[in-house]
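Chemist: This is the structure I want to talk about, given as structure tokens.
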Amino acid sequence: MSVLVVGSVALDTVKTPFGEVKEALGGSATYFALSANHYTPVSMVAVVGSDFPKKHLDIFKKKRIDTRGLEIGKGKTFRWKGYYEYDLNQAHTQKTELNVFRAFRPKIPKEYEKIEYIFLANIDPQLQLSVLKQIKRPKLVLCDTMNYWIEKKRRELLLILKEVDILLLNDSEARELTGKHSLFKASRRILRMGPRITIIKKGEHGALMWSENFHFAIPGYPLEDINDPTGAGDSFAGGFLGFLAYTGDLSEENMRKAMVFGSVMASYNVEDFSIKRLERLKDKEIIERYREFKRMTHFEDLNKGAIE
Ligand code: AMP
């Protein structure tokens, strides 16, 4: 079963305490696609400019990402410039050049209309709504957002929340959206806004999943090398939704596994700059780290009378 992503394809200039890249391949749709394609075919709707390097298009081609929905617009590609200090959970944006992204109106090709698993990456909630109007019968819609939309387009954001199954956001965004500090209370409130599941990402500290009936927590993978956290959230989304689409199973048990696959993909992505680690990632490594997560979080129940 394939997945559809609508989001940004970008040229990123990023500096961290461990190095920097200039005009490297980035964007939310890029990270998602290069992560989800380890599980299931991916179709992409985004826009780039006429200056977008062919070598990047070749990466999508090599990874068999369906780019029939990737428009090549007149003008320059979207660019993002940012840096991180030692707190890698906090991205500092220096410059956002929208360029062709400014006039982006996602058009879903006919061939994509019946795709059942959708990732609405972090774009204007009004555009996210327009995507859903063009899709026939999605089985699962996962939606990302950010503080900018929470502050500037709250009304539209609340409308899209009524239409999506799962909202993915980080802890500070969940607090800002709901006005609650407790993530327990924040997630309760988000569930009342529409989604039946909320996933709250906590950067290197892992992620939480909440529904009316259950919740699940996964720690961050203790990495030896973190170089560039850009795209961690979108790589998480790719592993999570890619696995759900591949299995077609939306049970609680399977969602827990999907959270692990999301965490595996995010943890690999941050090991290197831009998409370099995802590009060379092997399926075998995914399975190894999945099992490592299992070992790392496993503990036995108490024997009867053990602490009495
Ligand atoms: P993440 O680290 O998961 O939040 O995603 C980082 C990616 O988001 C980068 O590769 C950027 O190119 C992209 N990005 C940054 N700002 C925006 C924006 N305003 N709209 C769309 N994509 C963006």
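Labeling convention for the structure tokens: chains A, B, ... as they appear, residues from 1 per chain, ligands from 1 in order of appearance.
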Mind listing the residues within 7 Å of ligand 1, only C-alpha atoms and all ligand atoms counted, as a list in words?

Modeler: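 Here is the list of contacting residues: Gly7, Ser8, Val9, Ala10, Leu11, Asp12, Gly26, Gly27, Ser28, Arg79, Trp80, Thr96, Asn122, Ile123, Pro229, Thr230, Gly231, Ala232, Gly233 and Asp234 of chain A.
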
Chemist: Contacts between region 279-297 of chain A and region 164-230 of chain A, please, where a residue of region 164-230 of chain A counts if it comes within 10 Å (with only C-alpha atoms); show its shortest atom pair and distance in Å to one decimal, rows by chain and ascending number, as a Markdown table.

Modeler:
```
| residue | atom | partner | partner_atom | distance |
| --- | --- | --- | --- | --- |
| A:Ile218 | CA | A:Thr297 | CA | 8.1 |
| A:Pro219 | CA | A:Thr297 | CA | 8.1 |
| A:Gly220 | CA | A:Phe293 | CA | 9.2 |
| A:Tyr221 | CA | A:Phe293 | CA | 7.3 |
| A:Pro222 | CA | A:Met296 | CA | 9.8 |
```

Chemist: Where in region 144-285 of chain A does DSSP assign strand (DSSP E), given as a list in words?

Modeler: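 Across region 144-285 of chain A, those assigned strand (DSSP E) are Asp144, Ile166, Leu167, Leu168, Leu169, Asn170, Ile197, Thr198, Ile199, Ile200, Lys201, Ala207, Leu208, Met209, Trp210, His215, Phe216, Ala217 and Ile218 of chain A.
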
Chemist: Create the file for the chosen residues now, containing N, CA, C and O atoms and written as a PDB file, in the first residue's frame.

Modeler:
```pdb
ATOM      1  N   ASP A 144       1.345  17.012  10.441  1.00  0.00           N
ATOM      2  CA  ASP A 144       2.382  17.685  11.222  1.00  0.00           C
ATOM      3  C   ASP A 144       2.056  19.181  11.226  1.00  0.00           C
ATOM      4  O   ASP A 144       1.332  19.666  10.354  1.00  0.00           O
ATOM      5  N   ILE A 166      -4.349  11.513  13.008  1.00  0.00           N
ATOM      6  CA  ILE A 166      -3.244  11.600  13.970  1.00  0.00           C
ATOM      7  C   ILE A 166      -2.542  12.946  13.816  1.00  0.00           C
ATOM      8  O   ILE A 166      -2.206  13.348  12.698  1.00  0.00           O
ATOM      9  N   LEU A 167      -2.339  13.619  14.924  1.00  0.00           N
ATOM     10  CA  LEU A 167      -1.534  14.855  14.898  1.00  0.00           C
ATOM     11  C   LEU A 167      -0.166  14.547  15.502  1.00  0.00           C
ATOM     12  O   LEU A 167      -0.060  13.925  16.562  1.00  0.00           O
ATOM     13  N   LEU A 168       0.856  14.999  14.773  1.00  0.00           N
ATOM     14  CA  LEU A 168       2.244  14.792  15.198  1.00  0.00           C
ATOM     15  C   LEU A 168       2.822  16.172  15.480  1.00  0.00           C
ATOM     16  O   LEU A 168       2.792  17.040  14.602  1.00  0.00           O
ATOM     17  N   LEU A 169       3.317  16.394  16.676  1.00  0.00           N
ATOM     18  CA  LEU A 169       3.915  17.707  16.961  1.00  0.00           C
ATOM     19  C   LEU A 169       4.896  17.570  18.112  1.00  0.00           C
ATOM     20  O   LEU A 169       4.940  16.523  18.760  1.00  0.00           O
ATOM     21  N   ASN A 170       5.726  18.577  18.335  1.00  0.00           N
ATOM     22  CA  ASN A 170       6.671  18.407  19.438  1.00  0.00           C
ATOM     23  C   ASN A 170       6.103  18.973  20.740  1.00  0.00           C
ATOM     24  O   ASN A 170       5.037  19.588  20.745  1.00  0.00           O
ATOM     25  N   ILE A 197      -5.642  10.187  17.650  1.00  0.00           N
ATOM     26  CA  ILE A 197      -4.344   9.888  18.269  1.00  0.00           C
ATOM     27  C   ILE A 197      -3.458  11.133  18.186  1.00  0.00           C
ATOM     28  O   ILE A 197      -3.505  11.870  17.193  1.00  0.00           O
ATOM     29  N   THR A 198      -2.686  11.364  19.238  1.00  0.00           N
ATOM     30  CA  THR A 198      -1.695  12.449  19.208  1.00  0.00           C
ATOM     31  C   THR A 198      -0.328  11.839  19.473  1.00  0.00           C
ATOM     32  O   THR A 198      -0.189  11.031  20.402  1.00  0.00           O
ATOM     33  N   ILE A 199       0.639  12.253  18.669  1.00  0.00           N
ATOM     34  CA  ILE A 199       2.013  11.824  18.951  1.00  0.00           C
ATOM     35  C   ILE A 199       2.814  13.073  19.287  1.00  0.00           C
ATOM     36  O   ILE A 199       2.854  14.027  18.500  1.00  0.00           O
ATOM     37  N   ILE A 200       3.392  13.069  20.474  1.00  0.00           N
ATOM     38  CA  ILE A 200       4.192  14.215  20.911  1.00  0.00           C
ATOM     39  C   ILE A 200       5.666  13.805  20.896  1.00  0.00           C
ATOM     40  O   ILE A 200       6.081  12.869  21.585  1.00  0.00           O
ATOM     41  N   LYS A 201       6.444  14.521  20.060  1.00  0.00           N
ATOM     42  CA  LYS A 201       7.878  14.219  19.944  1.00  0.00           C
ATOM     43  C   LYS A 201       8.629  15.046  20.980  1.00  0.00           C
ATOM     44  O   LYS A 201       8.309  16.214  21.189  1.00  0.00           O
ATOM     45  N   ALA A 207       9.393   9.864  22.337  1.00  0.00           N
ATOM     46  CA  ALA A 207       8.078  10.298  21.854  1.00  0.00           C
ATOM     47  C   ALA A 207       6.966   9.610  22.645  1.00  0.00           C
ATOM     48  O   ALA A 207       7.167   8.530  23.210  1.00  0.00           O
ATOM     49  N   LEU A 208       5.810  10.282  22.686  1.00  0.00           N
ATOM     50  CA  LEU A 208       4.648   9.760  23.403  1.00  0.00           C
ATOM     51  C   LEU A 208       3.487   9.626  22.428  1.00  0.00           C
ATOM     52  O   LEU A 208       3.319  10.471  21.556  1.00  0.00           O
ATOM     53  N   MET A 209       2.686   8.583  22.600  1.00  0.00           N
ATOM     54  CA  MET A 209       1.490   8.434  21.767  1.00  0.00           C
ATOM     55  C   MET A 209       0.281   8.319  22.697  1.00  0.00           C
ATOM     56  O   MET A 209       0.324   7.566  23.668  1.00  0.00           O
ATOM     57  N   TRP A 210      -0.753   9.076  22.385  1.00  0.00           N
ATOM     58  CA  TRP A 210      -1.944   9.080  23.238  1.00  0.00           C
ATOM     59  C   TRP A 210      -3.196   8.848  22.401  1.00  0.00           C
ATOM     60  O   TRP A 210      -3.320   9.399  21.316  1.00  0.00           O
ATOM     61  N   HIS A 215      -1.984   4.796  26.151  1.00  0.00           N
ATOM     62  CA  HIS A 215      -0.856   5.639  25.787  1.00  0.00           C
ATOM     63  C   HIS A 215       0.423   4.811  25.810  1.00  0.00           C
ATOM     64  O   HIS A 215       0.486   3.735  26.401  1.00  0.00           O
ATOM     65  N   PHE A 216       1.421   5.310  25.101  1.00  0.00           N
ATOM     66  CA  PHE A 216       2.651   4.557  24.887  1.00  0.00           C
ATOM     67  C   PHE A 216       3.810   5.547  24.882  1.00  0.00           C
ATOM     68  O   PHE A 216       3.680   6.646  24.331  1.00  0.00           O
ATOM     69  N   ALA A 217       4.907   5.173  25.511  1.00  0.00           N
ATOM     70  CA  ALA A 217       6.067   6.073  25.540  1.00  0.00           C
ATOM     71  C   ALA A 217       7.301   5.319  25.066  1.00  0.00           C
ATOM     72  O   ALA A 217       7.500   4.156  25.423  1.00  0.00           O
ATOM     73  N   ILE A 218       8.100   5.969  24.267  1.00  0.00           N
ATOM     74  CA  ILE A 218       9.345   5.349  23.815  1.00  0.00           C
ATOM     75  C   ILE A 218      10.497   6.324  24.076  1.00  0.00           C
ATOM     76  O   ILE A 218      10.350   7.533  23.820  1.00  0.00           O
TER      77      ILE A 218
END
```

Chemist: Figure out the distance between CA of His205 (chain A) and CA of Val3 (chain A), please, to one decimal in Å.

Modeler: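 That distance, rounded to one decimal, is 27.4 Å.
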
Chemist: Pick out the closest residue to Leu159 (chain A) from this set: A:Leu244, A:Ile226, A:Leu132, A:Leu302. Count only C-alpha atoms.

Modeler: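 Of A:Leu244, A:Ile226, A:Leu132, A:Leu302, the one nearest Leu159 (chain A), counting only C-alpha atoms, is A:Leu132.
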
Chemist: Record the distance separating CA of Ala174 (chain A) and CA of Glu151 (chain A), expressed in Å with one decimal.

Modeler: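 Taking CA of Ala174 (chain A) as the start and CA of Glu151 (chain A) as the end point, the length is 12.2 Å.
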
Chemist: Would you mind listing what lies within 8 Å of Gly194 (chain A) as an mmCIF file with N, CA, C and O atoms, in the first residue's frame, with only C-alpha atoms counted and same-chain residues fewer than 4 positions away left out?

Modeler:
```cif
data_model
loop_
_atom_site.group_PDB
_atom_site.id
_atom_site.type_symbol
_atom_site.label_atom_id
_atom_site.label_comp_id
_atom_site.auth_asym_id
_atom_site.auth_seq_id
_atom_site.Cartn_x
_atom_site.Cartn_y
_atom_site.Cartn_z
ATOM 1 N N LEU A 161 -7.548 20.027 11.975
ATOM 2 C CA LEU A 161 -7.495 19.023 13.050
ATOM 3 C C LEU A 161 -8.764 18.181 13.114
ATOM 4 O O LEU A 161 -8.740 17.029 13.524
ATOM 5 N N LYS A 162 -9.883 18.772 12.693
ATOM 6 C CA LYS A 162 -11.138 18.008 12.686
ATOM 7 C C LYS A 162 -11.124 16.913 11.625
ATOM 8 O O LYS A 162 -11.920 15.994 11.660
ATOM 9 N N GLU A 163 -10.228 17.035 10.652
ATOM 10 C CA GLU A 163 -10.232 16.124 9.494
ATOM 11 C C GLU A 163 -9.149 15.056 9.559
ATOM 12 O O GLU A 163 -9.094 14.207 8.687
ATOM 13 N N VAL A 164 -8.232 15.142 10.518
ATOM 14 C CA VAL A 164 -7.098 14.211 10.480
ATOM 15 C C VAL A 164 -7.221 13.152 11.571
ATOM 16 O O VAL A 164 -7.915 13.347 12.571
ATOM 17 N N ASP A 165 -6.547 12.022 11.366
ATOM 18 C CA ASP A 165 -6.606 10.930 12.348
ATOM 19 C C ASP A 165 -5.553 11.085 13.430
ATOM 20 O O ASP A 165 -5.794 10.790 14.584
ATOM 21 N N ILE A 190 -5.955 17.973 22.793
ATOM 22 C CA ILE A 190 -5.802 17.799 21.338
ATOM 23 C C ILE A 190 -6.792 16.744 20.834
ATOM 24 O O ILE A 190 -7.412 16.916 19.786
#
```

Chemist: Wanna dump the region 201-280 of chain A-region 137-143 of chain A contacts at 9 Å for me, each residue with its shortest atom pair and the distance in Å to one decimal, counting only C-alpha atoms, ordered by chain and number, as CSV?

Modeler:
```
residue,atom,partner,partner_atom,distance
A:Ala237,CA,A:Leu142,CA,8.1
A:Leu241,CA,A:Leu142,CA,7.7
A:Ala245,CA,A:Leu140,CA,8.8
A:Leu250,CA,A:Leu140,CA,8.9
```

Chemist: Would you please extract all helix (DSSP H, G or I) residues from region 1-132 of chain A, as assigned by DSSP on the backbone, and give them as an NGL selection string?

Modeler: :A and (28-36 or 54-62 or 99-103 or 110-112 or 125-132)
